[in-house]
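Structure file coords.cif (mmCIF, C-alpha atoms) follows.
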data_run
loop_
_atom_site.label_atom_id
_atom_site.label_comp_id
_atom_site.auth_asym_id
_atom_site.auth_seq_id
_atom_site.Cartn_x
_atom_site.Cartn_y
_atom_site.Cartn_z
CA MET A 13 -0.21 219.73 -103.53
CA ARG A 14 3.21 221.39 -103.51
CA CYS A 15 6.25 219.81 -105.17
CA LYS A 16 8.02 219.63 -101.80
CA ASP A 17 5.19 217.62 -100.24
CA ALA A 18 4.90 215.35 -103.26
CA ARG A 19 8.62 214.56 -103.18
CA ALA A 20 8.55 213.89 -99.45
CA ILE A 21 5.88 211.26 -100.10
CA LEU A 22 7.77 209.80 -103.05
CA ILE A 23 10.84 209.01 -100.96
CA GLY A 24 9.02 208.39 -97.69
CA ASN A 25 8.11 205.11 -96.04
CA GLU A 26 4.59 205.23 -97.50
CA ALA A 27 5.67 205.74 -101.11
CA ASP A 28 3.69 202.71 -102.25
CA LYS A 29 0.43 204.17 -101.00
CA ALA A 30 0.12 207.02 -103.49
CA SER A 31 -2.91 209.18 -102.95
CA ALA A 32 -5.05 210.56 -105.75
CA ALA A 33 -3.73 214.04 -105.00
CA LEU A 34 -0.16 212.85 -105.38
CA LEU A 35 -0.87 211.08 -108.67
CA GLU A 36 -2.64 214.15 -109.97
CA HIS A 37 0.26 216.40 -109.04
CA VAL A 38 2.89 214.12 -110.53
CA ALA A 39 0.90 213.80 -113.76
CA ALA A 40 0.79 217.56 -114.10
CA CYS A 41 4.35 218.41 -112.95
CA PRO A 42 7.22 217.35 -115.24
CA SER A 43 9.81 218.05 -112.54
CA CYS A 44 8.07 215.75 -110.05
CA GLN A 45 7.60 213.16 -112.79
CA ALA A 46 11.38 213.06 -113.24
CA TYR A 47 11.80 212.89 -109.47
CA ALA A 48 9.36 209.99 -109.23
CA ARG A 49 11.17 208.18 -112.04
CA ASP A 50 14.51 208.60 -110.24
CA ALA A 51 13.03 207.45 -106.94
CA GLU A 52 11.68 204.35 -108.64
CA GLY A 53 15.06 203.77 -110.31
CA LEU A 54 16.81 203.95 -106.95
CA ARG A 55 14.30 201.53 -105.45
CA GLY A 56 14.99 199.17 -108.35
CA GLY A 57 18.69 199.51 -107.62
CA PHE A 58 18.14 198.50 -104.02
CA ARG A 59 16.10 195.48 -105.16
CA ALA A 60 18.89 194.41 -107.53
CA PHE A 61 21.44 194.94 -104.79
CA ALA A 62 19.43 192.81 -102.36
CA ARG A 63 19.44 189.91 -104.86
CA GLU A 64 23.23 189.92 -105.11
CA ALA A 65 24.89 186.73 -103.90
CA VAL A 66 26.69 187.18 -100.61
CA PRO A 67 29.87 185.32 -99.68
CA GLU A 68 29.39 182.05 -97.86
CA PRO A 69 31.24 181.24 -94.68
CA SER A 70 34.10 178.92 -95.51
CA TRP A 71 34.16 175.38 -94.11
CA GLY A 72 35.15 175.25 -90.44
CA PHE A 73 34.28 178.88 -89.73
CA ALA A 74 32.68 178.09 -86.36
CA ALA A 75 35.71 176.05 -85.32
CA ARG A 76 37.98 178.95 -86.22
CA VAL A 77 35.89 181.30 -84.13
CA LEU A 78 36.24 178.97 -81.13
CA ARG A 79 39.98 178.64 -81.73
CA ARG A 80 40.28 182.39 -81.83
CA LEU A 81 38.42 182.66 -78.56
CA ASP A 82 40.93 180.21 -77.04
CA GLU A 83 43.85 182.21 -78.42
CA LEU A 84 42.47 185.46 -77.10
CA GLU A 85 41.90 183.96 -73.68
CA GLU A 86 45.42 182.51 -73.61
CA ARG A 87 46.85 185.86 -74.69
CA GLY A 88 44.82 187.61 -72.03
CA ARG A 89 46.05 185.18 -69.38
CA ARG A 90 49.67 185.70 -70.46
CA ALA A 91 49.25 189.46 -70.44
CA ASN A 92 47.75 189.30 -66.95
CA PHE A 93 50.63 187.14 -65.73
CA LEU A 94 53.23 189.50 -67.17
CA GLU A 95 51.42 192.45 -65.71
CA LEU A 96 51.32 190.79 -62.31
CA VAL A 97 55.02 189.87 -62.40
CA GLY A 98 55.97 193.31 -63.69
CA ARG A 99 54.01 194.98 -60.96
CA ARG A 100 55.73 192.85 -58.29
CA VAL A 101 59.16 193.67 -59.70
CA VAL A 102 58.35 197.37 -59.55
CA TYR A 103 57.11 197.04 -55.96
CA ALA A 104 60.24 195.10 -54.92
CA ALA A 105 62.52 197.67 -56.56
CA GLY A 106 60.66 200.43 -54.74
CA VAL A 107 61.02 198.71 -51.38
CA LEU A 108 64.75 198.09 -51.94
CA THR A 109 65.30 201.73 -52.89
CA LEU A 110 63.48 202.85 -49.77
CA LEU A 111 65.59 200.56 -47.58
CA LEU A 112 68.78 201.87 -49.17
CA ILE A 113 67.75 205.47 -48.54
CA LEU A 114 66.89 204.66 -44.92
CA ALA A 115 70.23 202.94 -44.42
CA LEU A 116 72.06 206.05 -45.62
CA VAL A 117 69.98 208.56 -43.70
CA LEU A 118 69.30 206.90 -40.34
CA PRO A 119 72.01 206.29 -37.66
CA ALA A 120 73.79 203.01 -37.97
CA SER A 121 72.69 201.65 -34.58
CA GLY A 122 71.56 202.49 -31.10
CA PRO A 123 68.70 204.42 -29.64
CA LEU A 124 70.68 207.67 -29.40
CA ARG A 125 70.90 209.79 -32.45
CA GLY A 126 74.44 210.04 -33.65
CA PRO A 127 76.14 210.87 -36.91
CA THR A 128 74.88 208.94 -39.84
CA THR A 129 76.98 206.60 -41.85
CA ALA A 130 77.19 209.19 -44.60
CA GLN A 131 78.21 211.93 -42.14
CA LEU A 132 80.89 209.74 -40.64
CA TYR A 133 82.29 209.08 -44.04
CA TRP A 134 82.32 212.66 -45.27
CA ALA A 135 83.52 214.22 -42.01
CA GLN A 136 86.96 212.47 -42.08
CA PRO A 137 89.79 215.09 -42.03
CA ASP A 138 92.06 214.75 -44.97
CA ALA A 139 95.14 214.48 -42.72
CA THR A 140 97.30 212.71 -45.18
CA LEU A 141 96.87 215.44 -47.74
CA VAL A 142 97.78 218.24 -45.31
CA ALA A 143 100.66 216.39 -43.73
CA SER A 144 102.30 215.45 -46.93
CA ASN A 145 102.17 218.85 -48.50
CA PRO A 146 105.36 220.63 -47.57
CA ILE A 147 105.24 223.08 -50.47
CA PHE A 148 102.54 225.43 -49.26
CA PRO A 149 103.40 227.31 -46.12
CA ASP A 150 100.88 228.06 -43.40
CA GLU A 151 100.04 231.54 -42.11
CA THR A 152 103.40 232.00 -40.34
CA GLY A 153 105.29 231.61 -43.58
CA GLU A 154 106.96 228.48 -42.43
CA ALA A 155 106.43 225.24 -44.08
CA ARG A 156 104.29 223.07 -41.92
CA ASP A 157 105.97 220.07 -40.57
CA SER A 158 103.64 217.99 -38.61
CA ASN A 159 106.39 215.63 -37.65
CA ARG A 160 108.44 218.35 -35.98
CA LEU A 161 108.67 217.76 -32.30
CA ALA A 162 108.52 220.43 -29.62
CA PRO A 163 111.93 221.35 -28.20
CA VAL A 164 112.79 219.04 -25.41
CA VAL A 165 114.27 220.61 -22.30
CA ASN A 166 116.99 218.55 -20.93
CA SER A 167 116.39 218.55 -17.16
CA THR A 168 119.79 217.20 -16.39
CA GLU A 169 121.63 220.20 -18.06
CA GLY A 170 120.89 222.65 -15.22
CA LYS A 171 122.00 220.31 -12.58
CA GLN A 172 125.33 220.00 -14.21
CA MET B 3 10.47 191.01 -68.71
CA GLU B 4 11.96 188.50 -71.11
CA PRO B 5 9.45 188.43 -73.94
CA TYR B 6 11.66 186.55 -76.38
CA ARG B 7 12.58 183.66 -74.10
CA ALA B 8 9.36 181.84 -74.98
CA GLU B 9 9.87 182.35 -78.70
CA LEU B 10 13.27 180.67 -78.76
CA ASP B 11 13.24 176.98 -79.48
CA ALA B 12 14.31 174.85 -76.55
CA GLN B 13 17.59 173.91 -78.19
CA GLU B 14 18.60 177.48 -78.91
CA LEU B 15 17.60 178.58 -75.43
CA ALA B 16 19.81 175.84 -73.97
CA TRP B 17 22.73 176.89 -76.16
CA ILE B 18 22.36 180.53 -75.18
CA GLN B 19 22.17 179.74 -71.48
CA ALA B 20 25.17 177.41 -71.70
CA ALA B 21 27.13 180.05 -73.64
CA GLN B 22 26.25 182.55 -70.95
CA ARG B 23 27.94 180.19 -68.47
CA GLY B 24 31.02 180.16 -70.71
CA ASP B 25 30.37 176.94 -72.65
CA ARG B 26 32.17 177.39 -75.96
CA GLU B 27 30.77 174.31 -77.60
CA ALA B 28 27.29 175.67 -77.13
CA PHE B 29 28.38 179.00 -78.52
CA GLY B 30 29.83 177.15 -81.51
CA ARG B 31 26.34 175.81 -82.24
CA LEU B 32 25.00 179.34 -82.22
CA VAL B 33 27.79 180.41 -84.58
CA GLU B 34 26.83 177.62 -86.97
CA ARG B 35 23.20 178.67 -86.86
CA TYR B 36 23.77 182.38 -87.43
CA GLN B 37 26.97 182.55 -89.46
CA GLN B 38 25.18 182.87 -92.80
CA ARG B 39 23.07 185.73 -91.57
CA VAL B 40 26.02 187.55 -90.05
CA PHE B 41 28.07 187.09 -93.22
CA ALA B 42 25.29 188.57 -95.34
CA GLN B 43 24.82 191.51 -93.03
CA VAL B 44 28.52 192.25 -92.77
CA PHE B 45 29.01 191.97 -96.53
CA ARG B 46 26.12 194.28 -97.32
CA LEU B 47 27.38 196.84 -94.87
CA VAL B 48 31.06 196.87 -95.72
CA ARG B 49 30.97 195.58 -99.34
CA ARG B 50 34.47 194.13 -99.13
CA ARG B 51 34.62 190.42 -99.71
CA GLU B 52 38.19 190.16 -98.42
CA ASP B 53 37.19 191.62 -95.05
CA VAL B 54 33.94 189.76 -94.49
CA GLU B 55 35.33 186.66 -92.81
CA ASP B 56 37.58 188.59 -90.44
CA LEU B 57 34.80 190.97 -89.51
CA ALA B 58 32.30 188.16 -89.01
CA GLN B 59 34.78 186.39 -86.76
CA GLU B 60 35.27 189.56 -84.72
CA VAL B 61 31.50 189.93 -84.47
CA PHE B 62 31.17 186.45 -82.96
CA VAL B 63 34.09 187.04 -80.60
CA LYS B 64 32.42 190.22 -79.40
CA ALA B 65 29.11 188.39 -79.12
CA PHE B 66 30.67 185.68 -76.95
CA ARG B 67 32.17 188.25 -74.64
CA ALA B 68 28.89 190.11 -74.40
CA ILE B 69 26.49 187.18 -74.29
CA ARG B 70 26.12 187.33 -70.52
CA GLY B 71 24.46 190.69 -71.08
CA TYR B 72 21.82 189.25 -73.41
CA ASN B 73 18.61 189.46 -71.42
CA PHE B 74 16.04 187.97 -73.84
CA ARG B 75 14.32 191.32 -74.32
CA SER B 76 14.87 191.06 -78.05
CA SER B 77 15.29 187.99 -80.21
CA PHE B 78 18.77 186.52 -80.26
CA ALA B 79 18.96 187.27 -83.99
CA THR B 80 18.21 190.94 -83.34
CA TRP B 81 20.72 191.09 -80.51
CA LEU B 82 23.37 189.50 -82.72
CA SER B 83 22.49 191.91 -85.53
CA ARG B 84 23.05 194.76 -83.11
CA VAL B 85 26.53 193.47 -82.33
CA ALA B 86 27.27 193.03 -86.06
CA VAL B 87 25.92 196.43 -87.08
CA ASN B 88 27.81 198.22 -84.32
CA HIS B 89 31.01 196.45 -85.26
CA CYS B 90 30.58 197.26 -88.97
CA TYR B 91 29.65 200.81 -88.11
CA ASP B 92 32.89 201.23 -86.17
CA PHE B 93 34.78 199.62 -89.03
CA LEU B 94 33.23 201.96 -91.60
CA ARG B 95 33.96 205.01 -89.54
CA ARG B 96 37.54 203.89 -89.01
CA GLU B 97 38.12 203.07 -92.64
CA ARG B 98 36.52 206.11 -94.11
CA SER B 99 39.20 208.65 -94.75
CA ARG B 100 37.29 210.86 -97.14
CA PRO B 101 34.55 213.20 -95.91
CA PRO B 102 31.01 211.85 -96.11
CA ALA B 103 30.03 213.67 -99.26
CA TYR B 104 27.45 212.40 -101.67
CA ALA B 105 28.12 214.79 -104.53
CA VAL B 106 29.66 213.17 -107.56
CA SER B 107 32.73 215.05 -108.71
CA ALA B 108 32.52 216.86 -112.03
CA GLY B 109 34.99 214.50 -113.66
CA GLY B 110 33.09 211.47 -112.44
CA GLN B 111 34.77 208.30 -111.27
CA SER B 112 36.93 206.54 -113.73
CA ASP B 113 35.28 203.18 -113.13
CA GLN B 114 31.78 204.52 -113.59
CA PRO B 115 30.33 203.25 -116.89
CA LEU B 116 29.47 206.24 -119.04
CA ASP B 117 26.40 204.67 -120.58
CA VAL B 118 24.95 203.80 -117.20
CA VAL B 119 21.93 206.06 -117.59
CA ASP B 120 21.05 204.65 -120.99
CA ARG B 121 21.16 201.19 -119.57
CA LEU B 122 18.91 202.22 -116.73
CA GLU B 123 16.24 203.04 -119.26
CA SER B 124 16.16 199.50 -120.55
CA SER B 125 13.84 196.72 -119.42
CA GLU B 126 13.43 195.88 -115.71
CA GLN B 127 14.20 192.22 -116.32
CA ASP B 128 17.33 192.86 -118.35
CA PRO B 129 20.20 191.14 -116.47
CA GLU B 130 22.64 193.75 -117.74
CA ARG B 131 20.47 196.49 -116.32
CA GLN B 132 20.26 194.62 -113.04
CA ALA B 133 24.04 194.43 -112.87
CA VAL B 134 24.42 198.13 -113.65
CA LEU B 135 21.82 199.08 -111.06
CA ARG B 136 23.48 196.89 -108.48
CA ASP B 137 26.90 198.38 -109.12
CA LEU B 138 25.52 201.88 -109.10
CA VAL B 139 23.72 201.42 -105.79
CA GLY B 140 26.84 199.75 -104.41
CA LYS B 141 28.90 202.78 -105.30
CA LEU B 142 26.34 205.19 -103.93
CA LEU B 143 26.25 203.23 -100.68
CA ALA B 144 30.03 203.12 -100.54
CA ARG B 145 30.12 206.91 -100.68
CA ALA B 146 27.33 207.37 -98.20
CA PRO B 147 28.01 208.37 -94.59
CA ALA B 148 28.08 205.38 -92.25
CA ASP B 149 24.79 206.41 -90.60
CA ASP B 150 22.94 206.51 -93.92
CA ARG B 151 24.50 203.33 -95.12
CA VAL B 152 23.56 201.30 -92.08
CA VAL B 153 19.95 202.41 -92.03
CA LEU B 154 19.49 202.00 -95.80
CA VAL B 155 21.03 198.54 -95.86
CA LEU B 156 18.86 197.37 -92.98
CA LYS B 157 15.69 198.74 -94.55
CA GLU B 158 16.12 198.47 -98.30
CA ILE B 159 18.44 195.49 -98.60
CA GLU B 160 17.76 193.38 -95.52
CA GLY B 161 14.08 194.29 -95.64
CA LEU B 162 13.73 194.83 -91.89
CA SER B 163 10.82 196.77 -90.47
CA VAL B 164 11.24 200.18 -88.88
CA GLU B 165 10.60 198.58 -85.48
CA GLU B 166 13.28 195.94 -86.02
CA ILE B 167 15.77 198.59 -87.13
CA GLY B 168 14.85 200.57 -84.04
CA GLU B 169 15.68 197.56 -81.85
CA ILE B 170 19.01 197.02 -83.57
CA LEU B 171 20.07 200.65 -83.52
CA GLU B 172 18.39 201.30 -80.17
CA LEU B 173 16.31 204.09 -81.62
CA LYS B 174 12.63 204.89 -81.47
CA PRO B 175 10.67 204.09 -84.65
CA GLY B 176 10.11 207.79 -85.26
CA ALA B 177 13.83 208.45 -85.19
CA VAL B 178 14.42 205.55 -87.59
CA LYS B 179 11.87 207.01 -90.02
CA VAL B 180 13.55 210.39 -89.93
CA ARG B 181 16.96 208.85 -90.56
CA LEU B 182 15.60 206.77 -93.40
CA PHE B 183 13.93 209.73 -95.02
CA ARG B 184 17.08 211.85 -94.86
CA ALA B 185 19.27 209.02 -96.09
CA ARG B 186 17.00 208.31 -99.06
CA LYS B 187 16.81 211.99 -99.89
CA ARG B 188 20.58 212.39 -99.90
CA MET B 189 21.10 209.27 -101.93
CA LEU B 190 18.49 210.28 -104.47
CA GLU B 191 20.19 213.65 -104.85
CA ASP B 192 23.41 211.82 -105.62
CA TRP B 193 21.61 209.60 -108.08
CA ARG B 194 20.08 212.62 -109.81
CA ASN B 195 23.43 214.40 -109.95
CA LEU B 196 24.78 211.42 -111.78
CA ARG B 197 21.96 211.55 -114.30
CA GLN B 198 22.30 215.27 -114.83
CA GLU B 199 26.00 214.92 -115.52
CA LYS B 200 25.14 212.49 -118.24
#

Could you write out this structure as structure tokens?
Amino acid sequence: MRCKDARAILIGNEADKASAALLEHVAACPSCQAYARDAEGLRGGFRAFAREAVPEPSWGFAARVLRRLDELEERGRRANFLELVGRRVVYAAGVLTLLLILALVLPASGPLRGPTTAQLYWAQPDATLVASNPIFPDETGEARDSNRLAPVVNSTEGKQ
Amino acid sequence: MEPYRAELDAQELAWIQAAQRGDREAFGRLVERYQQRVFAQVFRLVRRREDVEDLAQEVFVKAFRAIRGYNFRSSFATWLSRVAVNHCYDFLRRERSRPPAYAVSAGGQSDQPLDVVDRLESSEQDPERQAVLRDLVGKLLARAPADDRVVLVLKEIEGLSVEEIGEILELKPGAVKVRLFRARKRMLEDWRNLRQEK
């Protein structure tokens, strides 16, 4: 038997059922003897570990588990509610935004397509600004005076 | 195909079925029946007394949420063990920051008793030796990768059969044997390293 095979048996699931060949090999091989001793030591360690006292559940453990289940359910319900409300707020905001955009883009009324509210607003001539600016002359070099009246021909002058 | 339904006592069967319908009182009875077992399993897997109660509670919460999926194909104890082991496994993987290395560093750990090997040579019944062995195996397990730790605890500490471990870990018996063999081999190497350092 080779050392590798002997060691595989020593740490395998059938370590308790040592064959004559294994015993013979271990007896003759100091290295495998040490390996067998270590394997047995580790097994002893596991046995000691298994005998260790484990912590006991404290009094009322089951009741605490049930209380926790209640809390988690309540939390879940609250989270669902908030999610539902939040989602509705987002939907409502979306709808309002859409309506606002439509109000700005579409004609104010009537079946015929006319200027939109926005166009009407922006297309206003800035008459007050032009009329009240006597400093800058127009192309003729004369200051524009929108209030100047055309010369009136007196029809009665010729008759006289 | 519900081979374990017949093996459950009538009371436990009624509790399980009621819990599957959402009855918390019935689930509370199951908690009372299995809490000791779950505590032991969780403690042996995570080895942290301060975390055992919280983890056990989380295991039962998970079990309640999953109990509708219990189909009586394994015993309830095995099914619950599967929930506990999976939860501890996740916990171990989350908590483990260091790489899963077995090798003992050259300097050794400061809390490792230096005369540990001498004590191991003493009598099997010596309580001091038992304590040293227990601590040593605890430390080796604490350093082991989560996979090795779970399979070794279930086999060597809990004393479950390969078939039972297979049911819990959802592995074939052959795969469990391979995992056990590799885990033992790695742990024994670590054990031997410790002795050689001495």

Exercise for review: Write out as a PyMOL selection string every residue belonging to chain A that has an atom at most 10 Å from any atom of chain B, counting only C-alpha atoms.
Suggested key: chain A and resi 19-25+46-47+50-70+72-82+84

Exercise for review: Evaluate the PyMOL selection byres ((chain B and resi 18) around 10) here and jot the selected residues down as number ranges by chain.
Suggested key: B: 10, 12-17, 19-25, 28-29, 31-32, 66, 69-70, 72, 74, 78

Exercise for review: Record the distance separating atom CA of Arg90 of chain A and atom CA of Ala68 of chain B, expressed in Å with one decimal.
Suggested key: 21.6 Å

Check your understanding: Distance atom CA of Val178 of chain B-atom CA of Trp81 of chain B, one decimal place?
Key -> 17.3 Å

Practice item. Report the residues retrieved by the PyMOL selection byres ((chain B and resi 91) around 9) from the displayed file, expressed as a VMD selection string. Key: chain B and resid 47 to 48 86 to 90 92 to 96 148 to 149 152

Write out the residues from the selection above, keeping C-alpha atoms, as a PDB file, in the frame of the given file.
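What landed in out01.pdb:
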ATOM      1  CA  LEU B  47      27.380 196.840 -94.870  1.00  0.00           C
ATOM      2  CA  VAL B  48      31.060 196.870 -95.720  1.00  0.00           C
ATOM      3  CA  ALA B  86      27.270 193.030 -86.060  1.00  0.00           C
ATOM      4  CA  VAL B  87      25.920 196.430 -87.080  1.00  0.00           C
ATOM      5  CA  ASN B  88      27.810 198.220 -84.320  1.00  0.00           C
ATOM      6  CA  HIS B  89      31.010 196.450 -85.260  1.00  0.00           C
ATOM      7  CA  CYS B  90      30.580 197.260 -88.970  1.00  0.00           C
ATOM      8  CA  ASP B  92      32.890 201.230 -86.170  1.00  0.00           C
ATOM      9  CA  PHE B  93      34.780 199.620 -89.030  1.00  0.00           C
ATOM     10  CA  LEU B  94      33.230 201.960 -91.600  1.00  0.00           C
ATOM     11  CA  ARG B  95      33.960 205.010 -89.540  1.00  0.00           C
ATOM     12  CA  ARG B  96      37.540 203.890 -89.010  1.00  0.00           C
ATOM     13  CA  ALA B 148      28.080 205.380 -92.250  1.00  0.00           C
ATOM     14  CA  ASP B 149      24.790 206.410 -90.600  1.00  0.00           C
ATOM     15  CA  VAL B 152      23.560 201.300 -92.080  1.00  0.00           C
TER      16      VAL B 152
END

Point to revise | Residues matched by the PyMOL selection byres ((chain A and resi 18) around 12) as a PyMOL selection string | key: chain A and resi 13-17+19-24+26-27+30-41+43-45+47-48+51

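The space separating atom CA of Arg188 of chain B from atom CA of Ile167 of chain B comes to 19.4 Å.
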